[in-house]
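Peer 1: This is the structure I have questions about; it appears just below.
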Amino acid sequence: MEETRRLGDTRPADARLLRSLEDIEGAAQRGDYAGAVEQISRAAELFVEWGFDLPLDRLEGLLRFLDAHEPDHPWILYHLAWVWSTQRRHSLALVTLKRAEQRFGSLLEGEELRRARFLCKMAAGVVHEREGLFEEARESIRQALEVGGVRARQGPRSVSEQRWTEHDPSGMISFWLDALHVYEEMGLSASAARACHNLGTRLLDRGEPIPARRYLEKAWELKLGGGSRMALANTLNSLGQVERHLGLTERAAQHLGEALRLGEDLGHETLRSYVLNNLAELHRDQGKFDAAAEKYQESLEIKQRMENVFGLAHTYASQADLLLLVGEPSEARAVAERAVALRVPAPDPVENARLLSTQARTRLADDEPAGRVAEDLRVLTADLETYDTKGELAVALWWLAACLLRMDDHLAAGRSMAKALDLAAEHRLEHLLALHVAVCPEVLRAGLIDSDDYEVASTLEAVVQAKPWESRPRHEPSVRPVLGSRLFGGLEVFLDEKEVPLATWRSKKAVSLLALLVHHRGDPVHREQAMEWLWPEGDPERSGRNLNVALTALRRGLERVDPRGSSVLERQGSFYRILPDALGEIDVLRFLDLHAEAGRLAQAEDVKGALSVTEEALDLAAGEYLASEPYAEWAATERAHLQEMVIDLRLRAAEWNLELERPSRAAKHAGDALARERWRERAWSALMRAHAARGDRAAALRTFEECESTLEDELGIGPSPELIDLARSLRR
């Protein structure tokens with residue numbers, strides 16, 4: 001056990017795991033081996049939820065120590081299998097899981113046996129998936145469903161899910177969709193987070209960053225409450241990667257920086273190497289080539305030490321694209337060939353295609369005959385279409401167009417480029433493709449673009465020009481105007497404190513778009529989301545045109561007031577926002593600050609101060625949030641949330657006024673709260689006490705009777721005992 005303790009210096013990723021591990025170690029040190037095994041059994045779900053984040057050497061040392069005293073105990077075997085799987089000793093893990101399941105069958109029965117067998121089947125599914133045995137993985141999860149008594153997923157998949165699974169020869173997207181259902185049914189939130197994370201990363205690999213971001217954000221939200229810094233860091237890393245693909249560089253830098261800090265804090269080298277790789281790609285996209293090269297090198301050194309072949313191949317391929325960008329085609333080709341030699345053939349055919357595509361573009365850049373490269377790219381594009389891998393397919397098509405241009409086959413080049421542009425437009429891949437347009441710009445300059453492709457080609461050209469790869473400086477106004485707004489009671493807008501009449505825009509949808517952007521307070525809004533919110537029943541193609549018209553009207557309206565007005569708006573690929581540093585005072589933000597300040601003053605027992613701040617907040621919130629957009633679904637949640645906060649402040653103001661012996665003011669606030677929501681007993685109570693404090697018991701009792709009638713009519717219930725007692729005391 002001393003050896004186990006020495007290995008325990010590894011910093012754990014989750015405090016609960018550490019406590020569980022220490023309890024088990026304590027029992028083992030006392031010689032209570034049966035008690036230690038019993039604690040391992042009780043912690044099984046916890047270890048399944050967060051088992052990827054345990055200090056593996058320490059856990060393996062403990063398990064081997066216990067195995068010497070309790071040989072072939074199924075829980076010890078089960079957790080040893082998890083350790084060996086995480087160490088990529090897959091065959092040993094699967095054999096050990098089968099032994100564990102057999103031993104469970106001889107020791108347990110009933111519900112305990114069902115639970116243990118379910119855990120073994122789910123573990124086997126994950127191990128099979130890691131080994132690339134996808135058919136076996138799906139069979140394991142089917143058996144787990146059957147053993148665990150979990151209902152199979154009901155109803156048809158969505159249109160998007162059907163498309164993902166139809167073009168997924170490995171079947172792992174289907175696997176993780178089903179696993180997510182199982183985990184949600186079983187209440188395993190951290191495992192559900194892991195399923196969301198895996199779905200997000202697989203969709204990102206396929207070039208579908210929008211749904212990938214949704215799954216990763218869901219994983220992030222689930223992991224925030226779990227306490228595992230390691231699990232959170234993994235998702236922050238992937239979230240940063242998808243945001244880089246979407247051109248959200250500030251957010252990507254924030255999430256990747258946080259993931260790197262967590263990786264360093266945890267001493268987790270594998271995580272650090274992957275975050276460094278994504279940071280290098282972010283630096284590459286920003287034109288910080290020296291910083292990118294440094295991060296790639298650091299990532300490679302870690303992966304070489306850890307003999308991470310998959311990671312090495314991925315980093316070499318990314319490094320090859322950097323070398324193409326800086327004009328080193330021969331070196332890029334050598335690095336790409338190193339990646340292919342390491343990883344092709346691989347269990348994952350998509351990974352093979354990705355590496356071979358990188359090699360093909362470096363061959364073309366290194367002046368290999370275009371016909372030979374084109375033939376290889378045609379085979380690759382056919383494979384990528386089979387796997388429905390949008391991002392890599394768009395890139396391969398772009399380079400195929402470059403080959404065909406060199407061969408003077410302009411018609412075929414135009415078709416290939418049109419397909420690449422269509423994919424970029426449909427799946428928001430402008431920033432992914434921009435790197436390759438910068439390396440191989442002759443395709444855009446060849447004049448092959450037809451009218452259907454013109455808009456996305458122009459967008460792509462703008463994205464490329466916005467990157468620091470070009471020497472031309474971007475014009476930015478030296479000083480932007482400040483855009484302030486009032487949202488309570490309807491939209492009001494100010495540029496440098498000068499009110500802008502809404503009629504300036506001459507378009508209701510332009511005003512709605514402005515309201516939508518102000519509502520998000522500097523956060524980016526995706527183009528598709530804006531179309532869905534502003535034209536919920538509209539045809540996507542027509543909604544896209546309508547959005548372009550509304551954006552143009554919005555910019556022109558701002559410029560009518562101030563020539564610099566449109567500079568407060570920013571486009572990042574397919575995202576739009578009002579720049580945070582251009583946002584002035586917003587009444588809602590002021591209201592939220594005052595609400596928090598009132599709470600702090602009340603906690604400090606400064607009732608007068610809290611009441612003064614509350615009155616100011618209520619004056620701001622006199623009208624309904626964005627009353628000018630009454631049917632906007634995107635505003636409904638915030639409207640309801642703010643209404644709840646206003647009612648809460650009304651009730652507090654009524655109670656504080658009673659405390660300060662100001663019954664008339666208390667009655668007004670209680671009445672205002674009831675005007676919004678008639679079922680609030682707290683408001684009825686405050687109003688009754690206000691009438692009583694003014695010496696009008698009859699009014700107080702009439703208020704009680706009105707409350708009693710209202711609750712019966714609206715909710716079918718009577719007043720609370722406290723309210724009945726208050727009425728009884730008033731009748732004496």
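In the structure tokens, chains take letters A, B, ... by order of appearance, with residues numbered from 1 within each chain and ligands from 1 in the order shown.
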Would you mind listing what lies within 10 Å of Ala334 in chain A as a list in words, with only C-alpha atoms counted and same-chain residues fewer than 2 positions away left out?
Peer 2: Tyr316, Ala320, Pro329, Ser330, Glu331, Ala332, Ala336, Glu337, Arg338, Ala339, Gln359, Thr362 and Arg363 of chain A
Peer 1: Could those selected residues go to a file with N, CA and C atoms, as a PDB file, in the first residue's frame?
Peer 2:
```pdb
ATOM      1  N   TYR A 316       0.710  16.455 -37.182  1.00  0.00           N
ATOM      2  CA  TYR A 316       1.533  16.587 -38.391  1.00  0.00           C
ATOM      3  C   TYR A 316       0.694  17.135 -39.561  1.00  0.00           C
ATOM      4  N   ALA A 320       1.295  20.626 -41.513  1.00  0.00           N
ATOM      5  CA  ALA A 320       1.515  20.697 -42.958  1.00  0.00           C
ATOM      6  C   ALA A 320       0.737  21.863 -43.564  1.00  0.00           C
ATOM      7  N   PRO A 329       6.162  24.497 -49.427  1.00  0.00           N
ATOM      8  CA  PRO A 329       5.440  23.309 -49.899  1.00  0.00           C
ATOM      9  C   PRO A 329       6.225  22.008 -49.766  1.00  0.00           C
ATOM     10  N   SER A 330       7.528  22.041 -49.984  1.00  0.00           N
ATOM     11  CA  SER A 330       8.305  20.794 -49.897  1.00  0.00           C
ATOM     12  C   SER A 330       8.331  20.268 -48.471  1.00  0.00           C
ATOM     13  N   GLU A 331       8.550  21.167 -47.526  1.00  0.00           N
ATOM     14  CA  GLU A 331       8.549  20.748 -46.119  1.00  0.00           C
ATOM     15  C   GLU A 331       7.150  20.299 -45.706  1.00  0.00           C
ATOM     16  N   ALA A 332       6.105  21.006 -46.200  1.00  0.00           N
ATOM     17  CA  ALA A 332       4.726  20.615 -45.891  1.00  0.00           C
ATOM     18  C   ALA A 332       4.453  19.193 -46.379  1.00  0.00           C
ATOM     19  N   ALA A 336       3.317  15.993 -44.153  1.00  0.00           N
ATOM     20  CA  ALA A 336       2.064  15.295 -44.449  1.00  0.00           C
ATOM     21  C   ALA A 336       2.308  13.811 -44.689  1.00  0.00           C
ATOM     22  N   GLU A 337       3.409  13.480 -45.368  1.00  0.00           N
ATOM     23  CA  GLU A 337       3.720  12.066 -45.611  1.00  0.00           C
ATOM     24  C   GLU A 337       4.059  11.343 -44.311  1.00  0.00           C
ATOM     25  N   ARG A 338       4.635  12.071 -43.372  1.00  0.00           N
ATOM     26  CA  ARG A 338       4.901  11.491 -42.048  1.00  0.00           C
ATOM     27  C   ARG A 338       3.577  11.147 -41.361  1.00  0.00           C
ATOM     28  N   ALA A 339       2.589  12.035 -41.488  1.00  0.00           N
ATOM     29  CA  ALA A 339       1.277  11.781 -40.884  1.00  0.00           C
ATOM     30  C   ALA A 339       0.628  10.545 -41.492  1.00  0.00           C
ATOM     31  N   GLN A 359      -2.161  15.168 -47.639  1.00  0.00           N
ATOM     32  CA  GLN A 359      -1.011  14.779 -48.454  1.00  0.00           C
ATOM     33  C   GLN A 359      -1.204  15.216 -49.913  1.00  0.00           C
ATOM     34  N   THR A 362      -0.564  18.964 -50.460  1.00  0.00           N
ATOM     35  CA  THR A 362       0.864  19.325 -50.385  1.00  0.00           C
ATOM     36  C   THR A 362       1.597  18.850 -51.639  1.00  0.00           C
ATOM     37  N   ARG A 363       1.153  17.743 -52.221  1.00  0.00           N
ATOM     38  CA  ARG A 363       1.767  17.263 -53.469  1.00  0.00           C
ATOM     39  C   ARG A 363       1.527  18.257 -54.606  1.00  0.00           C
TER      40      ARG A 363
END
```
Peer 1: Name the residues in contact with range 366-376 of chain A at a cut-off of 10 Å, using only C-alpha atoms, excluding same-chain residues fewer than 6 positions from it; report them as number ranges by chain.
Peer 2: A: 324, 328-333, 356-357, 359-360, 396-397, 399-407
Peer 1: Please, could you write that set of residues out with N, CA and C atoms as a PDB file, in the first residue's frame?
Peer 2:
```
ATOM      1  N   LEU A 324       2.149  25.103 -45.698  1.00  0.00           N
ATOM      2  CA  LEU A 324       1.614  25.562 -46.980  1.00  0.00           C
ATOM      3  C   LEU A 324       1.318  27.057 -46.935  1.00  0.00           C
ATOM      4  N   GLU A 328       6.045  26.984 -47.704  1.00  0.00           N
ATOM      5  CA  GLU A 328       7.071  25.936 -47.635  1.00  0.00           C
ATOM      6  C   GLU A 328       6.466  24.615 -48.118  1.00  0.00           C
ATOM      7  N   PRO A 329       6.162  24.497 -49.427  1.00  0.00           N
ATOM      8  CA  PRO A 329       5.440  23.309 -49.899  1.00  0.00           C
ATOM      9  C   PRO A 329       6.225  22.008 -49.766  1.00  0.00           C
ATOM     10  N   SER A 330       7.528  22.041 -49.984  1.00  0.00           N
ATOM     11  CA  SER A 330       8.305  20.794 -49.897  1.00  0.00           C
ATOM     12  C   SER A 330       8.331  20.268 -48.471  1.00  0.00           C
ATOM     13  N   GLU A 331       8.550  21.167 -47.526  1.00  0.00           N
ATOM     14  CA  GLU A 331       8.549  20.748 -46.119  1.00  0.00           C
ATOM     15  C   GLU A 331       7.150  20.299 -45.706  1.00  0.00           C
ATOM     16  N   ALA A 332       6.105  21.006 -46.200  1.00  0.00           N
ATOM     17  CA  ALA A 332       4.726  20.615 -45.891  1.00  0.00           C
ATOM     18  C   ALA A 332       4.453  19.193 -46.379  1.00  0.00           C
ATOM     19  N   ARG A 333       4.960  18.882 -47.586  1.00  0.00           N
ATOM     20  CA  ARG A 333       4.724  17.550 -48.130  1.00  0.00           C
ATOM     21  C   ARG A 333       5.405  16.479 -47.271  1.00  0.00           C
ATOM     22  N   LEU A 356      -4.990  11.621 -46.134  1.00  0.00           N
ATOM     23  CA  LEU A 356      -4.633  11.507 -47.546  1.00  0.00           C
ATOM     24  C   LEU A 356      -4.968  12.790 -48.308  1.00  0.00           C
ATOM     25  N   SER A 357      -6.032  13.468 -47.895  1.00  0.00           N
ATOM     26  CA  SER A 357      -6.377  14.745 -48.517  1.00  0.00           C
ATOM     27  C   SER A 357      -5.294  15.790 -48.239  1.00  0.00           C
ATOM     28  N   GLN A 359      -2.161  15.168 -47.639  1.00  0.00           N
ATOM     29  CA  GLN A 359      -1.011  14.779 -48.454  1.00  0.00           C
ATOM     30  C   GLN A 359      -1.204  15.216 -49.913  1.00  0.00           C
ATOM     31  N   ALA A 360      -2.412  15.061 -50.453  1.00  0.00           N
ATOM     32  CA  ALA A 360      -2.676  15.405 -51.859  1.00  0.00           C
ATOM     33  C   ALA A 360      -2.462  16.898 -52.105  1.00  0.00           C
ATOM     34  N   ALA A 396     -11.348  19.255 -49.994  1.00  0.00           N
ATOM     35  CA  ALA A 396     -10.863  18.399 -51.086  1.00  0.00           C
ATOM     36  C   ALA A 396     -11.397  18.881 -52.435  1.00  0.00           C
ATOM     37  N   LEU A 397     -12.664  19.309 -52.472  1.00  0.00           N
ATOM     38  CA  LEU A 397     -13.241  19.829 -53.717  1.00  0.00           C
ATOM     39  C   LEU A 397     -12.537  21.105 -54.167  1.00  0.00           C
ATOM     40  N   TRP A 399      -9.386  21.902 -53.640  1.00  0.00           N
ATOM     41  CA  TRP A 399      -8.089  21.552 -54.210  1.00  0.00           C
ATOM     42  C   TRP A 399      -8.234  20.777 -55.518  1.00  0.00           C
ATOM     43  N   LEU A 400      -9.319  20.028 -55.642  1.00  0.00           N
ATOM     44  CA  LEU A 400      -9.587  19.367 -56.924  1.00  0.00           C
ATOM     45  C   LEU A 400      -9.833  20.428 -58.005  1.00  0.00           C
ATOM     46  N   ALA A 401     -10.568  21.501 -57.669  1.00  0.00           N
ATOM     47  CA  ALA A 401     -10.778  22.599 -58.621  1.00  0.00           C
ATOM     48  C   ALA A 401      -9.442  23.222 -59.022  1.00  0.00           C
ATOM     49  N   ALA A 402      -8.527  23.355 -58.053  1.00  0.00           N
ATOM     50  CA  ALA A 402      -7.207  23.916 -58.366  1.00  0.00           C
ATOM     51  C   ALA A 402      -6.452  23.019 -59.348  1.00  0.00           C
ATOM     52  N   CYS A 403      -6.544  21.685 -59.124  1.00  0.00           N
ATOM     53  CA  CYS A 403      -5.905  20.743 -60.056  1.00  0.00           C
ATOM     54  C   CYS A 403      -6.496  20.894 -61.463  1.00  0.00           C
ATOM     55  N   LEU A 404      -7.806  20.951 -61.529  1.00  0.00           N
ATOM     56  CA  LEU A 404      -8.480  21.013 -62.827  1.00  0.00           C
ATOM     57  C   LEU A 404      -8.171  22.319 -63.557  1.00  0.00           C
ATOM     58  N   LEU A 405      -8.005  23.408 -62.805  1.00  0.00           N
ATOM     59  CA  LEU A 405      -7.602  24.671 -63.439  1.00  0.00           C
ATOM     60  C   LEU A 405      -6.230  24.547 -64.079  1.00  0.00           C
ATOM     61  N   ARG A 406      -5.308  23.890 -63.373  1.00  0.00           N
ATOM     62  CA  ARG A 406      -3.971  23.698 -63.939  1.00  0.00           C
ATOM     63  C   ARG A 406      -4.015  22.829 -65.194  1.00  0.00           C
ATOM     64  N   MET A 407      -5.043  21.982 -65.269  1.00  0.00           N
ATOM     65  CA  MET A 407      -5.201  21.108 -66.436  1.00  0.00           C
ATOM     66  C   MET A 407      -6.038  21.788 -67.522  1.00  0.00           C
TER      67      MET A 407
END
```
Peer 1: Could you pull out the residues in range 506-683 of chain A that DSSP calls strand (DSSP E or B) from the backbone, as a VMD selection string?
Peer 2: chain A and resid 525 to 526 569 to 572 575 to 578 583 to 586 625
Peer 1: Using C-alpha atoms, can you export the residues from the last selection as a short mmCIF file (atom, residue, chain, number, x, y, z; two decimals), in the first residue's frame?
Peer 2:
```cif
data_model
loop_
_atom_site.label_atom_id
_atom_site.label_comp_id
_atom_site.auth_asym_id
_atom_site.auth_seq_id
_atom_site.Cartn_x
_atom_site.Cartn_y
_atom_site.Cartn_z
CA VAL A 525 -26.36 35.56 -33.20
CA HIS A 526 -26.07 32.95 -35.93
CA LEU A 569 -22.27 46.03 -36.02
CA GLU A 570 -19.86 43.16 -36.60
CA ARG A 571 -20.08 40.09 -38.78
CA GLN A 572 -17.96 37.04 -37.92
CA PHE A 575 -22.60 35.36 -36.87
CA TYR A 576 -23.76 38.93 -36.27
CA ARG A 577 -23.55 41.04 -33.15
CA ILE A 578 -23.29 44.54 -31.74
CA LEU A 583 -22.70 49.08 -26.28
CA GLY A 584 -23.66 51.98 -24.06
CA GLU A 585 -26.15 52.03 -21.21
CA ILE A 586 -28.97 49.50 -21.45
CA TYR A 625 -39.79 44.03 -21.71
#
```
Peer 1: May I ask which of the residues A:Val443, A:Val549, A:Leu276, A:Leu516 is the closest one to Glu638 in chain A, counting only C-alpha atoms?
Peer 2: A:Leu516
Peer 1: Counting only C-alpha atoms, which of A:Gly609, A:Val439, A:Lys508, A:Ala627 gets nearest to Leu487 in chain A?
Peer 2: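 Distance minimum relative to Leu487 in chain A lands on A:Ala627.
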Peer 1: Kindly give the distance, in Å, that separates CA of Ala100 in chain A and CA of Ala81 in chain A, rounded to a single decimal.
Peer 2: 8.9 Å
Peer 1: Quick one, how far is CA of Trp84 in chain A from CA of Val127 in chain A?
Peer 2: 9.6 Å
Peer 1: What's the separation between CA of Leu594 in chain A and CA of Glu633 in chain A, in Å to one decimal place?
Peer 2: 26.5 Å
Peer 1: Find the residues near Asp593 in chain A: any atom within 9 Å, counting only C-alpha atoms, skip ones fewer than 5 places away on the same chain, and give them as JSON, numbers by chain.
Peer 2: {"A": [588, 598, 617]}
Peer 1: Those residues you just picked out, can you put them in a file as a PDB file, in the first residue's frame with C-alpha atoms?
Peer 2:
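The file below, part-v7.pdb, is the result:
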```pdb
ATOM      1  CA  VAL A 588     -32.148  46.119 -18.474  1.00  0.00           C
ATOM      2  CA  ALA A 598     -31.065  45.775  -3.257  1.00  0.00           C
ATOM      3  CA  ALA A 617     -35.200  49.681 -10.319  1.00  0.00           C
TER       4      ALA A 617
END
```
Peer 1: According to DSSP computed on the backbone, where in range 616-711 of chain A is there helix (DSSP H, G or I)? Give the residues as a PyMOL selection string.
Peer 2: chain A and resi 616-620+633-659+663-676+681-693+697-711
Peer 1: I'd like the contact shell of Ala212 in chain A - 12 Å cut-off, only C-alpha atoms, skipping same-chain residues fewer than 3 positions apart - returned as an mmCIF file with C-alpha atoms, in the first residue's frame.
Peer 2:
```cif
data_model
loop_
_atom_site.group_PDB
_atom_site.id
_atom_site.type_symbol
_atom_site.label_atom_id
_atom_site.label_comp_id
_atom_site.auth_asym_id
_atom_site.auth_seq_id
_atom_site.Cartn_x
_atom_site.Cartn_y
_atom_site.Cartn_z
ATOM 1 C CA SER A 160 -30.778 15.816 -39.245
ATOM 2 C CA TRP A 164 -26.106 11.760 -39.809
ATOM 3 C CA ILE A 173 -23.240 8.557 -34.214
ATOM 4 C CA CYS A 196 -23.130 14.923 -25.859
ATOM 5 C CA HIS A 197 -19.396 15.642 -25.985
ATOM 6 C CA ASN A 198 -18.735 12.659 -28.266
ATOM 7 C CA LEU A 199 -21.636 13.572 -30.547
ATOM 8 C CA GLY A 200 -20.321 17.139 -30.765
ATOM 9 C CA THR A 201 -16.784 16.098 -31.665
ATOM 10 C CA ARG A 202 -17.968 13.584 -34.280
ATOM 11 C CA LEU A 203 -20.224 16.154 -35.913
ATOM 12 C CA LEU A 204 -17.359 18.650 -35.919
ATOM 13 C CA ASP A 205 -15.167 16.049 -37.651
ATOM 14 C CA ARG A 206 -17.882 15.746 -40.295
ATOM 15 C CA GLY A 207 -17.864 19.495 -40.906
ATOM 16 C CA GLU A 208 -21.144 20.324 -39.166
ATOM 17 C CA PRO A 209 -20.079 22.985 -36.642
ATOM 18 C CA TYR A 215 -24.174 19.321 -28.330
ATOM 19 C CA LEU A 216 -20.908 20.634 -26.860
ATOM 20 C CA GLU A 217 -22.682 23.510 -25.108
ATOM 21 C CA LYS A 218 -25.144 21.001 -23.633
ATOM 22 C CA ALA A 219 -22.202 18.871 -22.457
ATOM 23 C CA THR A 235 -15.366 19.977 -23.470
ATOM 24 C CA SER A 238 -13.669 20.951 -28.151
ATOM 25 C CA LEU A 239 -15.926 23.992 -27.769
ATOM 26 C CA GLY A 240 -12.954 26.245 -28.516
ATOM 27 C CA GLN A 241 -12.193 24.161 -31.595
ATOM 28 C CA VAL A 242 -15.743 24.450 -32.984
ATOM 29 C CA GLU A 243 -15.816 28.202 -32.276
ATOM 30 C CA HIS A 245 -14.211 26.842 -37.154
ATOM 31 C CA LEU A 246 -17.083 29.339 -36.933
ATOM 32 C CA HIS A 427 -22.856 24.323 -43.210
ATOM 33 C CA ARG A 428 -21.099 27.609 -42.266
#
```
Peer 1: Contacts of Val482 in chain A at 10 Å or less, counting only C-alpha atoms, minus same-chain residues fewer than 5 places along, as a count of residues only?
Peer 2: 15
